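Structure record follows, encoded as structure tokens.
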Amino acid sequence: MSLFERWLTLWVALCILAGLILGNLLPDVFAGLASLEYASVNLVVAALIWAMVYPMMIAIDFGSLKTVGQRPKGLVITLVINWLIKPFTMAALGVLFFNHLFAGLIDPAKAPEYIAGLILLGAAPCTAMVFVWSQLTKGDPNYTLVQVSVNDLIMVVAFAPIAAFLLGVTDIEVPWETLILSVVLYIVIPLIAGALTRRALLASGGEAAVTAFTARIKPASVLGLLLTVVLLFGFQGPVIIAQPLLIGLIAVPIIIQSYGIFALGYAWAFAWKLPHKVAAPCALIGTSNFFELAVAVAIGLFGLNSGAALATVVGVLVEVPVMLTLVAFANRTRDRFPD
């Protein structure tokens with residue numbers, strides 16, 4: 001790893017600080033950037049995520065996708081954790097903290113909204129950033145694509161019923177525009193671009209050309225991650241400064257859930273003796289969230305200024321720093337897994 005990559009956590013911390021400062025110094029600028037969205041998907045952030053995802057898409061070998069079915073254990077872990085464990089543990093943590101442990105620190109009338117926001121986060125597994133975390137842990141790009149794709153297919157039919165059951169409501173409307181647009185932006189378009197790029201590189205110089213090209217564009221991927229952090233914290237800079245205690249309280253169950261879900265998935269993969277390139281992405285997929293979908297549903301059900309919408313936004317802010325610590329842990333424990 002280069003010196004820059006080794007100190008990535010420091011650069012992320014500085015970008016968080018820069019986002020908070022700039023968000024408070026230039027609120028109109030960030031408000032303008034935040035308004036550039038369609039179906040609750042911010043187009044600027046989408047472009048940056050695209051830049052992060054594209055390099056990994058180039059590494060996908062479509063010819064080897066057919067072999068993924070010979071290793072179903074990683075898929076089993078991902079699906080069980082995402083759909084049978086994660087939504088329910090997130091709901092339990094929300095009730096524990098906001099109905100009991102934090103009851104004296106928050107407005108009791110807002111507690112159900114905070115819990116609802118956490119439930120929506122827990123019921124929406126990640127689509128886009130998983131590719132980034134997989135790339136940072138040298139995960140198998142083919143397997144990661146299959147895992148994300150299967151989760152997306154299940155999300156189409158399972159998200160609304162699970163969220164409705166846990167929220168105790170029956171009239172949840174899935175924002176199909178958000179769901180479809182996110183899949184197209186974060187999977188379909190970069191996948192097609194990556195496949196075309198890979199085909200051209202293989203024709204001109206074989207695998208060596210693919211490796212050299214991805215190495216050249218890797219700095220752009222890391223830059224996309226850092227700029228995303230600046231934007232996310234800049235968008236919410238005034239809110240964080242105005243309500244630091246509340247932001248911290250909401251972050252606590254999210255952080256506990258993130259580390260707990262990762263530990264469960266990673267330990268399960270270790271027990272099943274999965275290779276690290278499958279085990280790491282497998283655990284990370286269950287840990288991160290599809291925040292665009294969660295935010296859109298929270299706003300639709302409870303309103304833009306609701307506690308539910310705030311909780312989903314805090315999930316966005318917490319995710320990148322937490323996931324980077326898990327990426328670092330996964331990389332340090334690589335030698336504990338089979339090759």
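Every chain in the structure tokens has a letter given in the order shown (A, B, ...), and although residue numbers restart at 1 in each chain, ligands are simply numbered from 1 in the order shown.
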_Close residues, segment 290-302 of chain A itself excluded, 7 Å, only C-alpha atoms, min 4 positions apart in chain, as number ranges by chain_ = A: 40-41, 117, 120-121, 124-127, 174-175, 178-179, 306, 308-309, 312-313, 316
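Excluding Trp50 of chain A and any residue on its chain fewer than 5 positions from it, the residues at most 8 Å away by only C-alpha atoms are Leu185, Tyr186 and Pro190 of chain A.
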Please save N, CA and C atoms of the selected residues as a PDB file, in the first residue's frame.
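Result file is selection-v1.pdb:
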ATOM      1  N   LEU A 185     -27.880   3.344 -11.318  1.00  0.00           N
ATOM      2  CA  LEU A 185     -26.704   4.203 -11.173  1.00  0.00           C
ATOM      3  C   LEU A 185     -25.516   3.456 -10.586  1.00  0.00           C
ATOM      4  N   TYR A 186     -25.772   2.625  -9.584  1.00  0.00           N
ATOM      5  CA  TYR A 186     -24.672   2.039  -8.825  1.00  0.00           C
ATOM      6  C   TYR A 186     -24.254   0.663  -9.303  1.00  0.00           C
ATOM      7  N   PRO A 190     -22.213   1.391 -14.078  1.00  0.00           N
ATOM      8  CA  PRO A 190     -20.786   1.083 -13.911  1.00  0.00           C
ATOM      9  C   PRO A 190     -20.424  -0.329 -14.350  1.00  0.00           C
TER      10      PRO A 190
END
_Distance query Ile21 of chain A at most 10 Å, only C-alpha atoms, self and fewer than 6 positions along chain excluded, as a list in words_ =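 Once the nearby chain positions are removed, what remains is Cys15, Pro27, Val230, Phe233, Gly234, Gly237, Pro238 and Ile241 of chain A.
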Write the residues of the selection above to a file with N, CA and C atoms, as a JSON list (two decimals), in the first residue's frame.
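Final file, selection39.json:
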[["chain", "number", "residue", "atom", "x", "y", "z"],
["A", 15, "CYS", "N", -11.39, 14.90, 6.47],
["A", 15, "CYS", "CA", -12.50, 15.23, 5.58],
["A", 15, "CYS", "C", -13.80, 15.42, 6.38],
["A", 27, "PRO", "N", -23.26, 27.33, 4.10],
["A", 27, "PRO", "CA", -24.50, 26.54, 4.08],
["A", 27, "PRO", "C", -25.26, 26.63, 2.76],
["A", 230, "VAL", "N", -16.73, 14.50, 2.72],
["A", 230, "VAL", "CA", -16.86, 15.95, 2.88],
["A", 230, "VAL", "C", -18.29, 16.40, 2.62],
["A", 233, "PHE", "N", -20.95, 15.10, 5.42],
["A", 233, "PHE", "CA", -20.87, 15.85, 6.66],
["A", 233, "PHE", "C", -21.14, 17.34, 6.44],
["A", 234, "GLY", "N", -20.86, 17.84, 5.24],
["A", 234, "GLY", "CA", -21.19, 19.22, 4.93],
["A", 234, "GLY", "C", -22.68, 19.44, 4.84],
["A", 237, "GLY", "N", -23.80, 19.51, 8.43],
["A", 237, "GLY", "CA", -22.94, 20.25, 9.35],
["A", 237, "GLY", "C", -23.70, 21.08, 10.37],
["A", 238, "PRO", "N", -24.64, 21.93, 9.93],
["A", 238, "PRO", "CA", -25.40, 22.75, 10.90],
["A", 238, "PRO", "C", -26.18, 21.92, 11.90],
["A", 241, "ILE", "N", -23.73, 20.41, 14.53],
["A", 241, "ILE", "CA", -23.25, 21.43, 15.46],
["A", 241, "ILE", "C", -24.37, 21.85, 16.43]]
List as a PDB file with N, CA and C atoms, in the first residue's frame the protein and nucleic acid residues near Thr333 of chain A, meaning an atom at most 12 Å away when only C-alpha atoms are counted, but skip any in the same chain fewer than 6 places from it.
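Saved the output as out-v9.pdb:
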ATOM      1  N   THR A 137     -10.752  -4.511   0.624  1.00  0.00           N
ATOM      2  CA  THR A 137     -10.313  -5.747   1.282  1.00  0.00           C
ATOM      3  C   THR A 137      -9.852  -6.800   0.269  1.00  0.00           C
ATOM      4  N   TYR A 266     -18.471 -12.285  10.073  1.00  0.00           N
ATOM      5  CA  TYR A 266     -17.050 -12.630   9.915  1.00  0.00           C
ATOM      6  C   TYR A 266     -16.734 -13.926  10.658  1.00  0.00           C
ATOM      7  N   ALA A 267     -17.274 -14.071  11.873  1.00  0.00           N
ATOM      8  CA  ALA A 267     -17.038 -15.299  12.637  1.00  0.00           C
ATOM      9  C   ALA A 267     -17.687 -16.501  11.956  1.00  0.00           C
ATOM     10  N   PHE A 270     -15.553 -17.463   9.096  1.00  0.00           N
ATOM     11  CA  PHE A 270     -14.343 -18.120   9.593  1.00  0.00           C
ATOM     12  C   PHE A 270     -14.647 -19.567   9.982  1.00  0.00           C
ATOM     13  N   PRO A 275     -12.699 -18.561   2.072  1.00  0.00           N
ATOM     14  CA  PRO A 275     -11.518 -17.757   1.764  1.00  0.00           C
ATOM     15  C   PRO A 275     -11.771 -16.291   2.099  1.00  0.00           C
ATOM     16  N   HIS A 276     -10.722 -15.568   2.434  1.00  0.00           N
ATOM     17  CA  HIS A 276     -10.880 -14.178   2.885  1.00  0.00           C
ATOM     18  C   HIS A 276     -11.536 -13.299   1.823  1.00  0.00           C
ATOM     19  N   LYS A 277     -11.252 -13.546   0.549  1.00  0.00           N
ATOM     20  CA  LYS A 277     -11.808 -12.706  -0.514  1.00  0.00           C
ATOM     21  C   LYS A 277     -13.330 -12.850  -0.621  1.00  0.00           C
ATOM     22  N   ALA A 279     -15.082 -14.020   2.510  1.00  0.00           N
ATOM     23  CA  ALA A 279     -15.495 -13.783   3.895  1.00  0.00           C
ATOM     24  C   ALA A 279     -15.611 -12.296   4.212  1.00  0.00           C
ATOM     25  N   ALA A 280     -14.614 -11.499   3.796  1.00  0.00           N
ATOM     26  CA  ALA A 280     -14.631 -10.070   4.136  1.00  0.00           C
ATOM     27  C   ALA A 280     -15.816  -9.339   3.502  1.00  0.00           C
ATOM     28  N   LEU A 326     -13.662  -1.399  10.057  1.00  0.00           N
ATOM     29  CA  LEU A 326     -13.894  -2.823   9.805  1.00  0.00           C
ATOM     30  C   LEU A 326     -13.046  -3.313   8.633  1.00  0.00           C
ATOM     31  N   VAL A 327     -12.882  -2.474   7.625  1.00  0.00           N
ATOM     32  CA  VAL A 327     -12.001  -2.814   6.507  1.00  0.00           C
ATOM     33  C   VAL A 327     -10.579  -3.029   7.013  1.00  0.00           C
TER      34      VAL A 327
END
*Give me every strand (DSSP E or B) residue in segment 33-167 of chain A, going by DSSP on the backbone, as a PyMOL selection string.*
chain A and resi 37-38+41-42+125
*Distance in Å - atom CA of Leu245 of chain A versus atom CA of Gly122 of chain A*: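 Spanning atom CA of Leu245 of chain A to atom CA of Gly122 of chain A is a straight-line distance of 22.1 Å.
In this comparison, which uses only C-alpha atoms, the residue of A:Leu10, A:Ala328, A:Leu75, A:Ala200 approaching Leu274 of chain A most closely is A:Leu75.
Comparing the minimum interatomic distances between Ala283 of chain A and each of A:Ala39, A:Val314, A:Met52, A:Val76, counting only C-alpha atoms, we find that A:Val76 sits nearest.
Using only C-alpha atoms, the nearest neighbour of Glu319 of chain A within the list A:Ile192, A:Ala18, A:Leu153, A:Val130 is A:Val130.
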_Residues flagged alpha helix (DSSP H) by DSSP in segment 57-216 of chain A, as a count of residues only_ = 104
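When only C-alpha atoms are used to measure the gap to Leu96 of chain A, the shortest distance among A:Pro112, A:Val229, A:Gly248, A:Leu196 belongs to A:Pro112.
Minimum atom-to-atom distance to Leu20 of chain A, evaluated using only C-alpha atoms, belongs to A:Val239 out of A:Val239, A:Val222, A:Leu118, A:Leu145.
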*Atomic separation - atom CA of Leu246 of chain A relative to atom CA of Ala109 of chain A, Å*: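 Rounded to one decimal, the two atoms are 14.2 Å apart.
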_Taking only C-alpha atoms into account, name the residue in A:Phe131, A:Phe88, A:Val278, A:Val29 that is nearest to Asp339 of chain A._
A:Val278
